[in-house]
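Here the structure comes first, spelled out in structure tokens, and everything after it is commentary.
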Number of protein chains: 2
Amino acid sequence: MIKGKALARRLDHVGIVVRDINASLPYYIDVLRMTVSSELLLDDGSARVAYLEIGDTSLQLLQPLKPGPLADFLDQHGEGLHHICLQVDDISNAVAELSESGTVDAIRQGGRGDRVSFISATPNGVPIELSERAPA
Amino acid sequence: MIKGKALARRLDHVGIVVRDINASLPYYIDVLRMTVSSELLLDDGSARVAYLEIGDTSLQLLQPLKPGPLADFLDQHGEGLHHICLQVDDISNAVAELSESGTVDAIRQGGRGDRVSFISATPNGVPIELSERAPA
């Protein structure tokens with residue numbers, strides 16, 4: 001569903017930091033009976049990722065594999081909700097626009113080949129990632 | 001989209017605890033250009049709520065109005081991501097089924113007249129609410 005002027009067309013995923021994906025997946029698969037749509041390693045090797053389908057969005061389980069922001073989050077907060085990711089049609093345009101009202105990271109390669117960027121000035125303590133999907 | 005055997009058909013909303021909805025809304029409305037689909041008070045008067053549309057789901061801003069679990073969350077964690085809510089077709093069935101593998105709260109009245117229940121034994125520190133939508 002594309003809203004006339006909305007910046008994002010869809011909630012791409014909700015990011016959840018976990019200690020061990022293998023230990024976490026059975027609850028989502030066996031109890032909630034969700035389907036894993038993909039599993040991958042981030043390009044920089046910093047995390048193992050699994051996507052679980054729910055409606056037109058996904059839950060993204062993130063297991064940190066080496067020191068960095070995700071491992072820091074796990075140390076400080078324990079497992080839990082980490083960020084939301086909004087799908088935009090053109091991330092270059094979205095980043096240019098949002099740069100006027102806050103701090104937006106450089107565009108980089110995300111999971112599944114998408115182009116992504118994090119909004120650093122997070123409203124309400126909610127880290128927001130923007131994602132432009134890779135061509136199918 | 002209904003998956004063959006999935007417990008939930010859709011991510012109903014992502015709950016975000018905020019200190020002051022009036023202070024939070026402008027970012028979502030003016031910067032992300034999201035639309036408020038409804039605003040309400042919870043029946044027990046414990047929180048003010050605003051729903052922001054995104055694809056087939058919503059962000060739910062929750063402003064605690066009196067002492068309780070939401071106010072405790074705000075005190076302990078500050079503003080931020082609080083829970084996810086999964087829409088089920090029949091909450092009585094879902095609660096009966098999940099009671100076999102964990103602790104599920106009694107069904108009560110949620111926002112927008114929905115029937116809701118929280119899974120208390122939260123996997124990965126993620127509170128999961130179940131919701132059966134009220135008839136339109």
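Identifiers in this document derive from the order of the structure tokens: chains are assigned A, B, ..., residues are numbered from 1 separately in each chain, and ligands are numbered from 1 in order of occurrence.
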
Since chain B and chain A share a sequence, can you fit the second onto the first over all C-alpha atoms in order and output it as a short mmCIF file (atom, residue, chain, number, x, y, z; two decimals) with N, CA, C and O atoms, in the first residue's frame?
```
data_model
loop_
_atom_site.label_atom_id
_atom_site.label_comp_id
_atom_site.auth_asym_id
_atom_site.auth_seq_id
_atom_site.Cartn_x
_atom_site.Cartn_y
_atom_site.Cartn_z
N MET A 1 -2.57 -11.66 4.36
CA MET A 1 -2.03 -12.93 3.90
C MET A 1 -2.15 -13.95 5.03
O MET A 1 -1.62 -13.76 6.12
N ILE A 2 -2.87 -15.02 4.80
CA ILE A 2 -2.98 -16.07 5.81
C ILE A 2 -2.11 -17.24 5.38
O ILE A 2 -2.28 -17.79 4.32
N LYS A 3 -1.15 -17.57 6.23
CA LYS A 3 -0.32 -18.75 5.97
C LYS A 3 -1.09 -19.97 6.47
O LYS A 3 -1.80 -19.89 7.47
N GLY A 4 -0.87 -21.07 5.81
CA GLY A 4 -1.60 -22.28 6.14
C GLY A 4 -1.79 -22.52 7.63
O GLY A 4 -2.90 -22.54 8.12
N LYS A 5 -0.69 -22.68 8.34
CA LYS A 5 -0.82 -23.06 9.73
C LYS A 5 -0.31 -21.99 10.69
O LYS A 5 -0.29 -22.21 11.91
N ALA A 6 0.11 -20.82 10.18
CA ALA A 6 0.68 -19.81 11.07
C ALA A 6 -0.33 -19.41 12.15
O ALA A 6 -1.52 -19.30 11.89
N LEU A 7 0.15 -19.20 13.36
CA LEU A 7 -0.74 -18.80 14.45
C LEU A 7 -1.32 -17.41 14.19
O LEU A 7 -2.49 -17.15 14.46
N ALA A 8 -0.48 -16.51 13.68
CA ALA A 8 -0.91 -15.12 13.49
C ALA A 8 -0.92 -14.78 12.01
O ALA A 8 -0.10 -15.25 11.24
N ARG A 9 -1.87 -13.97 11.61
CA ARG A 9 -2.01 -13.63 10.20
C ARG A 9 -1.27 -12.35 9.85
O ARG A 9 -1.01 -12.08 8.68
N ARG A 10 -0.93 -11.53 10.86
CA ARG A 10 -0.46 -10.19 10.56
C ARG A 10 0.21 -9.62 11.80
O ARG A 10 -0.14 -9.99 12.92
N LEU A 11 1.19 -8.74 11.59
CA LEU A 11 1.71 -7.94 12.69
C LEU A 11 0.73 -6.80 12.91
O LEU A 11 0.61 -5.92 12.06
N ASP A 12 -0.01 -6.84 14.00
CA ASP A 12 -1.03 -5.82 14.22
C ASP A 12 -0.39 -4.45 14.49
O ASP A 12 -0.77 -3.45 13.90
N HIS A 13 0.58 -4.42 15.38
CA HIS A 13 1.28 -3.16 15.64
C HIS A 13 2.58 -3.42 16.40
O HIS A 13 2.81 -4.51 16.93
N VAL A 14 3.42 -2.39 16.40
CA VAL A 14 4.64 -2.37 17.21
C VAL A 14 4.42 -1.30 18.27
O VAL A 14 4.17 -0.14 17.94
N GLY A 15 4.48 -1.68 19.54
CA GLY A 15 4.21 -0.74 20.63
C GLY A 15 5.47 0.01 21.03
O GLY A 15 6.52 -0.58 21.26
N ILE A 16 5.36 1.34 21.13
CA ILE A 16 6.47 2.22 21.49
C ILE A 16 6.04 3.07 22.66
O ILE A 16 5.03 3.79 22.57
N VAL A 17 6.74 2.98 23.79
CA VAL A 17 6.40 3.80 24.95
C VAL A 17 7.05 5.17 24.81
O VAL A 17 8.25 5.27 24.54
N VAL A 18 6.24 6.22 24.96
CA VAL A 18 6.75 7.59 24.86
C VAL A 18 6.31 8.38 26.11
O VAL A 18 5.37 8.01 26.79
N ARG A 19 7.05 9.45 26.35
CA ARG A 19 6.76 10.27 27.53
C ARG A 19 5.56 11.19 27.27
O ARG A 19 4.76 11.45 28.16
N ASP A 20 5.43 11.64 26.04
CA ASP A 20 4.43 12.66 25.72
C ASP A 20 4.06 12.51 24.24
O ASP A 20 4.85 12.85 23.37
N ILE A 21 2.89 11.98 23.98
CA ILE A 21 2.47 11.75 22.59
C ILE A 21 2.49 13.05 21.78
O ILE A 21 2.92 13.07 20.63
N ASN A 22 2.06 14.14 22.39
CA ASN A 22 2.04 15.41 21.65
C ASN A 22 3.43 15.82 21.20
O ASN A 22 3.60 16.41 20.14
N ALA A 23 4.43 15.50 22.01
CA ALA A 23 5.79 15.85 21.66
C ALA A 23 6.36 14.89 20.62
O ALA A 23 7.24 15.25 19.85
N SER A 24 5.84 13.65 20.61
CA SER A 24 6.40 12.62 19.72
C SER A 24 5.78 12.65 18.33
O SER A 24 6.46 12.34 17.34
N LEU A 25 4.51 12.96 18.25
CA LEU A 25 3.80 12.82 16.97
C LEU A 25 4.39 13.64 15.82
O LEU A 25 4.42 13.15 14.68
N PRO A 26 4.85 14.86 16.06
CA PRO A 26 5.33 15.65 14.90
C PRO A 26 6.41 14.95 14.08
O PRO A 26 6.42 15.07 12.85
N TYR A 27 7.31 14.20 14.73
CA TYR A 27 8.34 13.52 13.94
C TYR A 27 7.71 12.52 12.97
O TYR A 27 8.07 12.47 11.79
N TYR A 28 6.78 11.73 13.48
CA TYR A 28 6.16 10.70 12.64
C TYR A 28 5.27 11.32 11.55
O TYR A 28 5.20 10.80 10.44
N ILE A 29 4.59 12.40 11.90
CA ILE A 29 3.64 13.01 10.95
C ILE A 29 4.35 13.94 9.97
O ILE A 29 4.11 13.87 8.76
N ASP A 30 5.24 14.78 10.48
CA ASP A 30 5.82 15.81 9.62
C ASP A 30 7.07 15.33 8.90
O ASP A 30 7.31 15.72 7.75
N VAL A 31 7.88 14.49 9.56
CA VAL A 31 9.13 14.06 8.94
C VAL A 31 8.92 12.75 8.17
O VAL A 31 9.25 12.65 6.99
N LEU A 32 8.37 11.75 8.85
CA LEU A 32 8.13 10.46 8.16
C LEU A 32 6.81 10.48 7.37
O LEU A 32 6.55 9.59 6.57
N ARG A 33 6.00 11.50 7.59
CA ARG A 33 4.73 11.70 6.87
C ARG A 33 3.80 10.49 6.99
O ARG A 33 3.18 10.04 6.03
N MET A 34 3.74 9.96 8.24
CA MET A 34 2.80 8.88 8.51
C MET A 34 1.45 9.49 8.91
O MET A 34 1.36 10.65 9.30
N THR A 35 0.40 8.65 8.82
CA THR A 35 -0.97 9.10 9.12
C THR A 35 -1.44 8.50 10.44
O THR A 35 -1.28 7.30 10.66
N VAL A 36 -2.03 9.33 11.31
CA VAL A 36 -2.64 8.81 12.54
C VAL A 36 -3.98 8.20 12.19
O VAL A 36 -4.85 8.89 11.64
N SER A 37 -4.14 6.89 12.47
CA SER A 37 -5.41 6.24 12.14
C SER A 37 -6.39 6.31 13.30
O SER A 37 -7.60 6.33 13.09
N SER A 38 -5.90 6.34 14.55
CA SER A 38 -6.80 6.54 15.68
C SER A 38 -6.03 6.96 16.91
O SER A 38 -4.83 6.69 17.03
N GLU A 39 -6.72 7.67 17.79
CA GLU A 39 -6.18 8.05 19.09
C GLU A 39 -7.23 7.69 20.13
O GLU A 39 -8.42 7.86 19.89
N LEU A 40 -6.79 7.18 21.27
CA LEU A 40 -7.75 6.75 22.29
C LEU A 40 -7.08 6.67 23.66
O LEU A 40 -5.85 6.77 23.77
N LEU A 41 -7.91 6.53 24.69
CA LEU A 41 -7.43 6.21 26.03
C LEU A 41 -7.74 4.74 26.28
O LEU A 41 -8.81 4.26 25.91
N LEU A 42 -6.80 4.00 26.87
CA LEU A 42 -7.12 2.63 27.27
C LEU A 42 -8.27 2.66 28.28
O LEU A 42 -8.41 3.61 29.05
N ASP A 43 -9.10 1.60 28.27
CA ASP A 43 -10.28 1.57 29.12
C ASP A 43 -9.98 1.79 30.59
O ASP A 43 -10.78 2.40 31.32
N ASP A 44 -8.83 1.31 31.05
CA ASP A 44 -8.49 1.47 32.47
C ASP A 44 -7.82 2.81 32.74
O ASP A 44 -7.38 3.07 33.87
N GLY A 45 -7.74 3.65 31.71
CA GLY A 45 -7.18 4.99 31.91
C GLY A 45 -5.67 5.01 32.12
O GLY A 45 -5.10 6.03 32.48
N SER A 46 -5.01 3.87 31.87
CA SER A 46 -3.58 3.78 32.19
C SER A 46 -2.69 4.41 31.14
O SER A 46 -1.52 4.67 31.39
N ALA A 47 -3.21 4.63 29.94
CA ALA A 47 -2.35 5.16 28.88
C ALA A 47 -3.17 5.85 27.79
O ALA A 47 -4.31 5.47 27.51
N ARG A 48 -2.54 6.82 27.18
CA ARG A 48 -3.05 7.45 25.97
C ARG A 48 -2.34 6.78 24.80
O ARG A 48 -1.15 6.46 24.89
N VAL A 49 -3.08 6.53 23.73
CA VAL A 49 -2.55 5.73 22.63
C VAL A 49 -2.81 6.42 21.30
O VAL A 49 -3.89 7.00 21.09
N ALA A 50 -1.83 6.38 20.40
CA ALA A 50 -2.02 6.85 19.02
C ALA A 50 -1.46 5.79 18.08
O ALA A 50 -0.37 5.25 18.31
N TYR A 51 -2.22 5.47 17.04
CA TYR A 51 -1.79 4.50 16.03
C TYR A 51 -1.39 5.23 14.75
O TYR A 51 -2.14 6.08 14.25
N LEU A 52 -0.22 4.88 14.22
CA LEU A 52 0.29 5.46 12.99
C LEU A 52 0.37 4.36 11.94
O LEU A 52 1.00 3.32 12.17
N GLU A 53 -0.23 4.58 10.79
CA GLU A 53 -0.29 3.55 9.76
C GLU A 53 1.04 3.39 9.02
O GLU A 53 1.68 4.36 8.68
N ILE A 54 1.41 2.13 8.77
CA ILE A 54 2.58 1.83 7.93
C ILE A 54 2.34 0.48 7.26
O ILE A 54 2.30 -0.56 7.93
N GLY A 55 2.11 0.49 5.93
CA GLY A 55 1.79 -0.75 5.23
C GLY A 55 0.55 -1.39 5.82
O GLY A 55 -0.44 -0.70 6.06
N ASP A 56 0.60 -2.70 6.11
CA ASP A 56 -0.58 -3.36 6.66
C ASP A 56 -0.49 -3.48 8.18
O ASP A 56 -1.20 -4.26 8.80
N THR A 57 0.39 -2.66 8.80
CA THR A 57 0.53 -2.69 10.25
C THR A 57 0.54 -1.25 10.78
O THR A 57 0.24 -0.32 10.04
N SER A 58 0.82 -1.09 12.06
CA SER A 58 0.83 0.25 12.67
C SER A 58 1.94 0.36 13.69
O SER A 58 2.39 -0.65 14.26
N LEU A 59 2.38 1.57 13.93
CA LEU A 59 3.15 1.88 15.13
C LEU A 59 2.14 2.38 16.16
O LEU A 59 1.27 3.18 15.84
N GLN A 60 2.27 1.90 17.40
CA GLN A 60 1.36 2.29 18.47
C GLN A 60 2.17 3.09 19.50
O GLN A 60 3.02 2.51 20.18
N LEU A 61 1.93 4.39 19.58
CA LEU A 61 2.60 5.18 20.62
C LEU A 61 1.78 5.08 21.90
O LEU A 61 0.56 5.25 21.88
N LEU A 62 2.45 4.80 22.99
CA LEU A 62 1.80 4.59 24.29
C LEU A 62 2.37 5.58 25.30
O LEU A 62 3.56 5.53 25.62
N GLN A 63 1.53 6.46 25.81
CA GLN A 63 1.97 7.41 26.84
C GLN A 63 1.34 7.01 28.17
O GLN A 63 0.12 7.14 28.34
N PRO A 64 2.14 6.51 29.12
CA PRO A 64 1.57 6.13 30.42
C PRO A 64 0.94 7.34 31.11
O PRO A 64 1.50 8.44 31.07
N LEU A 65 -0.22 7.12 31.73
CA LEU A 65 -0.90 8.22 32.42
C LEU A 65 -0.96 8.01 33.93
O LEU A 65 -1.29 8.93 34.67
N LYS A 66 -0.69 6.79 34.38
CA LYS A 66 -0.67 6.55 35.82
C LYS A 66 0.24 5.37 36.13
O LYS A 66 0.67 4.66 35.21
N PRO A 67 0.58 5.17 37.42
CA PRO A 67 1.53 4.11 37.76
C PRO A 67 1.06 2.74 37.24
O PRO A 67 -0.13 2.46 37.23
N GLY A 68 2.02 1.93 36.83
CA GLY A 68 1.72 0.62 36.29
C GLY A 68 2.87 0.14 35.44
O GLY A 68 3.92 0.78 35.39
N PRO A 69 2.67 -0.96 34.72
CA PRO A 69 3.77 -1.55 33.94
C PRO A 69 4.35 -0.60 32.90
O PRO A 69 5.57 -0.57 32.70
N LEU A 70 3.52 0.20 32.23
CA LEU A 70 4.04 1.09 31.19
C LEU A 70 4.86 2.22 31.82
O LEU A 70 5.92 2.59 31.31
N ALA A 71 4.37 2.77 32.93
CA ALA A 71 5.12 3.82 33.63
C ALA A 71 6.42 3.25 34.18
O ALA A 71 7.47 3.92 34.15
N ASP A 72 6.37 2.01 34.65
CA ASP A 72 7.60 1.35 35.14
C ASP A 72 8.62 1.20 34.01
O ASP A 72 9.81 1.43 34.20
N PHE A 73 8.14 0.80 32.84
CA PHE A 73 9.03 0.65 31.69
C PHE A 73 9.70 1.98 31.37
O PHE A 73 10.91 2.05 31.16
N LEU A 74 8.90 3.05 31.36
CA LEU A 74 9.43 4.38 31.04
C LEU A 74 10.48 4.79 32.07
O LEU A 74 11.55 5.32 31.71
N ASP A 75 10.20 4.52 33.35
CA ASP A 75 11.17 4.86 34.39
C ASP A 75 12.47 4.07 34.22
O ASP A 75 13.56 4.61 34.39
N GLN A 76 12.34 2.79 33.89
CA GLN A 76 13.52 1.92 33.89
C GLN A 76 14.31 1.98 32.59
O GLN A 76 15.53 1.88 32.59
N HIS A 77 13.60 2.13 31.46
CA HIS A 77 14.27 2.04 30.15
C HIS A 77 14.26 3.35 29.39
O HIS A 77 14.97 3.49 28.40
N GLY A 78 13.41 4.29 29.80
CA GLY A 78 13.20 5.48 28.98
C GLY A 78 12.30 5.14 27.81
O GLY A 78 11.76 4.03 27.72
N GLU A 79 12.11 6.08 26.93
CA GLU A 79 11.26 5.86 25.77
C GLU A 79 11.87 4.78 24.88
O GLU A 79 13.08 4.64 24.80
N GLY A 80 11.01 4.03 24.17
CA GLY A 80 11.56 3.05 23.24
C GLY A 80 10.59 1.96 22.88
O GLY A 80 9.43 1.93 23.31
N LEU A 81 11.10 1.03 22.06
CA LEU A 81 10.30 -0.12 21.61
C LEU A 81 9.88 -0.95 22.82
O LEU A 81 10.70 -1.26 23.69
N HIS A 82 8.60 -1.33 22.87
CA HIS A 82 8.06 -2.00 24.06
C HIS A 82 7.55 -3.41 23.77
O HIS A 82 7.86 -4.34 24.52
N HIS A 83 6.75 -3.60 22.74
CA HIS A 83 6.21 -4.92 22.44
C HIS A 83 5.80 -5.02 20.98
O HIS A 83 5.73 -4.01 20.27
N ILE A 84 5.54 -6.24 20.53
CA ILE A 84 4.90 -6.44 19.24
C ILE A 84 3.56 -7.11 19.48
O ILE A 84 3.39 -7.84 20.47
N CYS A 85 2.61 -6.85 18.59
CA CYS A 85 1.28 -7.44 18.71
C CYS A 85 0.96 -8.21 17.45
O CYS A 85 1.04 -7.66 16.34
N LEU A 86 0.61 -9.47 17.61
CA LEU A 86 0.28 -10.34 16.48
C LEU A 86 -1.24 -10.50 16.40
O LEU A 86 -1.89 -10.82 17.40
N GLN A 87 -1.79 -10.30 15.22
CA GLN A 87 -3.23 -10.48 15.04
C GLN A 87 -3.54 -11.95 14.80
O GLN A 87 -2.97 -12.58 13.89
N VAL A 88 -4.45 -12.49 15.59
CA VAL A 88 -4.90 -13.88 15.41
C VAL A 88 -6.38 -13.86 15.06
O VAL A 88 -7.09 -12.90 15.33
N ASP A 89 -6.84 -14.95 14.44
CA ASP A 89 -8.24 -15.01 14.03
C ASP A 89 -9.15 -15.29 15.22
O ASP A 89 -10.26 -14.77 15.30
N ASP A 90 -8.68 -16.14 16.13
CA ASP A 90 -9.51 -16.55 17.27
C ASP A 90 -8.62 -16.57 18.50
O ASP A 90 -7.83 -17.49 18.71
N ILE A 91 -8.75 -15.54 19.32
CA ILE A 91 -7.82 -15.40 20.44
C ILE A 91 -8.06 -16.47 21.51
O ILE A 91 -7.13 -16.90 22.18
N SER A 92 -9.28 -16.94 21.64
CA SER A 92 -9.54 -18.00 22.63
C SER A 92 -8.77 -19.26 22.25
O SER A 92 -8.13 -19.89 23.10
N ASN A 93 -8.81 -19.62 20.98
CA ASN A 93 -8.06 -20.78 20.51
C ASN A 93 -6.56 -20.57 20.68
O ASN A 93 -5.83 -21.46 21.12
N ALA A 94 -6.07 -19.37 20.32
CA ALA A 94 -4.63 -19.10 20.39
C ALA A 94 -4.14 -19.15 21.83
O ALA A 94 -3.09 -19.72 22.12
N VAL A 95 -4.92 -18.58 22.74
CA VAL A 95 -4.52 -18.57 24.15
C VAL A 95 -4.52 -20.00 24.70
O VAL A 95 -3.62 -20.40 25.44
N ALA A 96 -5.54 -20.77 24.34
CA ALA A 96 -5.61 -22.15 24.82
C ALA A 96 -4.38 -22.93 24.34
O ALA A 96 -3.77 -23.70 25.09
N GLU A 97 -4.02 -22.68 23.08
CA GLU A 97 -2.89 -23.42 22.51
C GLU A 97 -1.57 -22.99 23.14
O GLU A 97 -0.73 -23.82 23.51
N LEU A 98 -1.38 -21.68 23.29
CA LEU A 98 -0.10 -21.18 23.82
C LEU A 98 0.05 -21.47 25.30
O LEU A 98 1.17 -21.53 25.81
N SER A 99 -1.05 -21.67 26.00
CA SER A 99 -0.98 -21.99 27.42
C SER A 99 -0.23 -23.29 27.66
O SER A 99 0.31 -23.53 28.74
N GLU A 100 -0.19 -24.14 26.60
CA GLU A 100 0.51 -25.41 26.74
C GLU A 100 2.02 -25.23 26.78
O GLU A 100 2.75 -26.08 27.29
N SER A 101 2.52 -24.12 26.20
CA SER A 101 3.97 -23.94 26.11
C SER A 101 4.46 -22.69 26.84
O SER A 101 5.62 -22.33 26.72
N GLY A 102 3.61 -22.04 27.60
CA GLY A 102 4.07 -20.86 28.31
C GLY A 102 2.95 -20.23 29.10
O GLY A 102 1.86 -20.80 29.22
N THR A 103 3.22 -19.06 29.66
CA THR A 103 2.24 -18.38 30.48
C THR A 103 1.58 -17.27 29.66
O THR A 103 2.26 -16.42 29.11
N VAL A 104 0.27 -17.34 29.57
CA VAL A 104 -0.48 -16.36 28.78
C VAL A 104 -1.48 -15.68 29.70
O VAL A 104 -2.17 -16.34 30.47
N ASP A 105 -1.55 -14.36 29.63
CA ASP A 105 -2.48 -13.61 30.48
C ASP A 105 -3.93 -13.90 30.08
O ASP A 105 -4.21 -14.37 28.98
N ALA A 106 -4.82 -13.56 30.99
CA ALA A 106 -6.25 -13.64 30.67
C ALA A 106 -6.57 -12.69 29.53
O ALA A 106 -5.92 -11.65 29.36
N ILE A 107 -7.58 -13.03 28.74
CA ILE A 107 -8.01 -12.16 27.65
C ILE A 107 -8.72 -10.94 28.24
O ILE A 107 -9.53 -11.06 29.16
N ARG A 108 -8.37 -9.77 27.72
CA ARG A 108 -9.02 -8.55 28.19
C ARG A 108 -9.27 -7.62 27.00
O ARG A 108 -8.89 -7.92 25.87
N GLN A 109 -9.91 -6.51 27.29
CA GLN A 109 -10.22 -5.53 26.26
C GLN A 109 -8.99 -4.68 25.98
O GLN A 109 -8.39 -4.13 26.91
N GLY A 110 -8.58 -4.58 24.71
CA GLY A 110 -7.44 -3.74 24.35
C GLY A 110 -7.90 -2.45 23.70
O GLY A 110 -9.08 -2.10 23.77
N GLY A 111 -6.97 -1.76 23.06
CA GLY A 111 -7.32 -0.55 22.34
C GLY A 111 -8.23 -0.89 21.17
O GLY A 111 -8.23 -2.02 20.68
N ARG A 112 -9.04 0.02 20.72
CA ARG A 112 -9.91 -0.13 19.54
C ARG A 112 -10.94 -1.25 19.68
O ARG A 112 -11.45 -1.76 18.70
N GLY A 113 -11.23 -1.69 20.93
CA GLY A 113 -12.25 -2.72 21.13
C GLY A 113 -11.78 -4.13 20.85
O GLY A 113 -12.57 -5.07 20.90
N ASP A 114 -10.49 -4.30 20.55
CA ASP A 114 -9.98 -5.63 20.26
C ASP A 114 -9.91 -6.47 21.55
O ASP A 114 -9.83 -5.94 22.65
N ARG A 115 -9.93 -7.79 21.39
CA ARG A 115 -9.69 -8.70 22.52
C ARG A 115 -8.21 -9.07 22.48
O ARG A 115 -7.71 -9.55 21.47
N VAL A 116 -7.50 -8.85 23.59
CA VAL A 116 -6.05 -9.03 23.59
C VAL A 116 -5.59 -9.86 24.78
O VAL A 116 -6.30 -10.02 25.77
N SER A 117 -4.37 -10.38 24.67
CA SER A 117 -3.73 -11.13 25.75
C SER A 117 -2.23 -11.04 25.56
O SER A 117 -1.73 -11.03 24.43
N PHE A 118 -1.48 -10.92 26.66
CA PHE A 118 -0.02 -10.90 26.57
C PHE A 118 0.56 -12.27 26.92
O PHE A 118 0.09 -12.94 27.83
N ILE A 119 1.56 -12.67 26.13
CA ILE A 119 2.33 -13.86 26.46
C ILE A 119 3.36 -13.43 27.49
O ILE A 119 4.23 -12.61 27.20
N SER A 120 3.26 -13.95 28.70
CA SER A 120 4.13 -13.49 29.78
C SER A 120 5.52 -14.08 29.68
O SER A 120 6.51 -13.43 30.01
N ALA A 121 5.62 -15.34 29.29
CA ALA A 121 6.94 -15.95 29.14
C ALA A 121 7.48 -15.49 27.80
O ALA A 121 7.24 -16.11 26.77
N THR A 122 8.17 -14.35 27.79
CA THR A 122 8.53 -13.71 26.54
C THR A 122 9.86 -14.24 26.01
O THR A 122 10.88 -14.11 26.66
N PRO A 123 9.82 -14.82 24.82
CA PRO A 123 11.08 -15.30 24.24
C PRO A 123 11.95 -14.12 23.88
O PRO A 123 11.45 -13.11 23.41
N ASN A 124 13.25 -14.21 24.09
CA ASN A 124 14.19 -13.16 23.69
C ASN A 124 13.84 -11.80 24.25
O ASN A 124 14.13 -10.78 23.62
N GLY A 125 13.20 -11.76 25.40
CA GLY A 125 12.89 -10.46 26.01
C GLY A 125 11.92 -9.63 25.21
O GLY A 125 11.81 -8.43 25.42
N VAL A 126 11.18 -10.25 24.28
CA VAL A 126 10.23 -9.50 23.45
C VAL A 126 8.81 -9.78 23.94
O VAL A 126 8.29 -10.88 23.73
N PRO A 127 8.18 -8.81 24.61
CA PRO A 127 6.78 -9.03 25.00
C PRO A 127 5.92 -9.15 23.76
O PRO A 127 6.00 -8.33 22.85
N ILE A 128 5.12 -10.21 23.70
CA ILE A 128 4.25 -10.45 22.54
C ILE A 128 2.80 -10.39 22.98
O ILE A 128 2.38 -11.11 23.88
N GLU A 129 2.05 -9.48 22.35
CA GLU A 129 0.62 -9.37 22.58
C GLU A 129 -0.10 -10.10 21.45
O GLU A 129 0.35 -10.07 20.30
N LEU A 130 -1.18 -10.77 21.77
CA LEU A 130 -2.06 -11.36 20.75
C LEU A 130 -3.32 -10.51 20.69
O LEU A 130 -3.80 -10.03 21.72
N SER A 131 -3.86 -10.32 19.50
CA SER A 131 -5.05 -9.49 19.37
C SER A 131 -6.01 -10.09 18.36
O SER A 131 -5.61 -10.50 17.27
N GLU A 132 -7.28 -10.16 18.76
CA GLU A 132 -8.35 -10.52 17.81
C GLU A 132 -9.12 -9.24 17.54
O GLU A 132 -9.64 -8.62 18.47
N ARG A 133 -9.18 -8.81 16.28
CA ARG A 133 -9.80 -7.54 15.97
C ARG A 133 -11.29 -7.57 16.24
O ARG A 133 -11.97 -8.56 15.98
N ALA A 134 -11.79 -6.46 16.76
CA ALA A 134 -13.23 -6.31 16.95
C ALA A 134 -13.91 -6.28 15.58
O ALA A 134 -13.32 -5.79 14.62
N PRO A 135 -15.14 -6.83 15.48
CA PRO A 135 -15.85 -6.75 14.20
C PRO A 135 -15.96 -5.28 13.78
O PRO A 135 -16.19 -4.41 14.61
N ALA A 136 -15.78 -5.03 12.48
CA ALA A 136 -15.80 -3.64 11.98
C ALA A 136 -17.20 -3.04 12.11
O ALA A 136 -18.19 -3.76 12.10
#
```
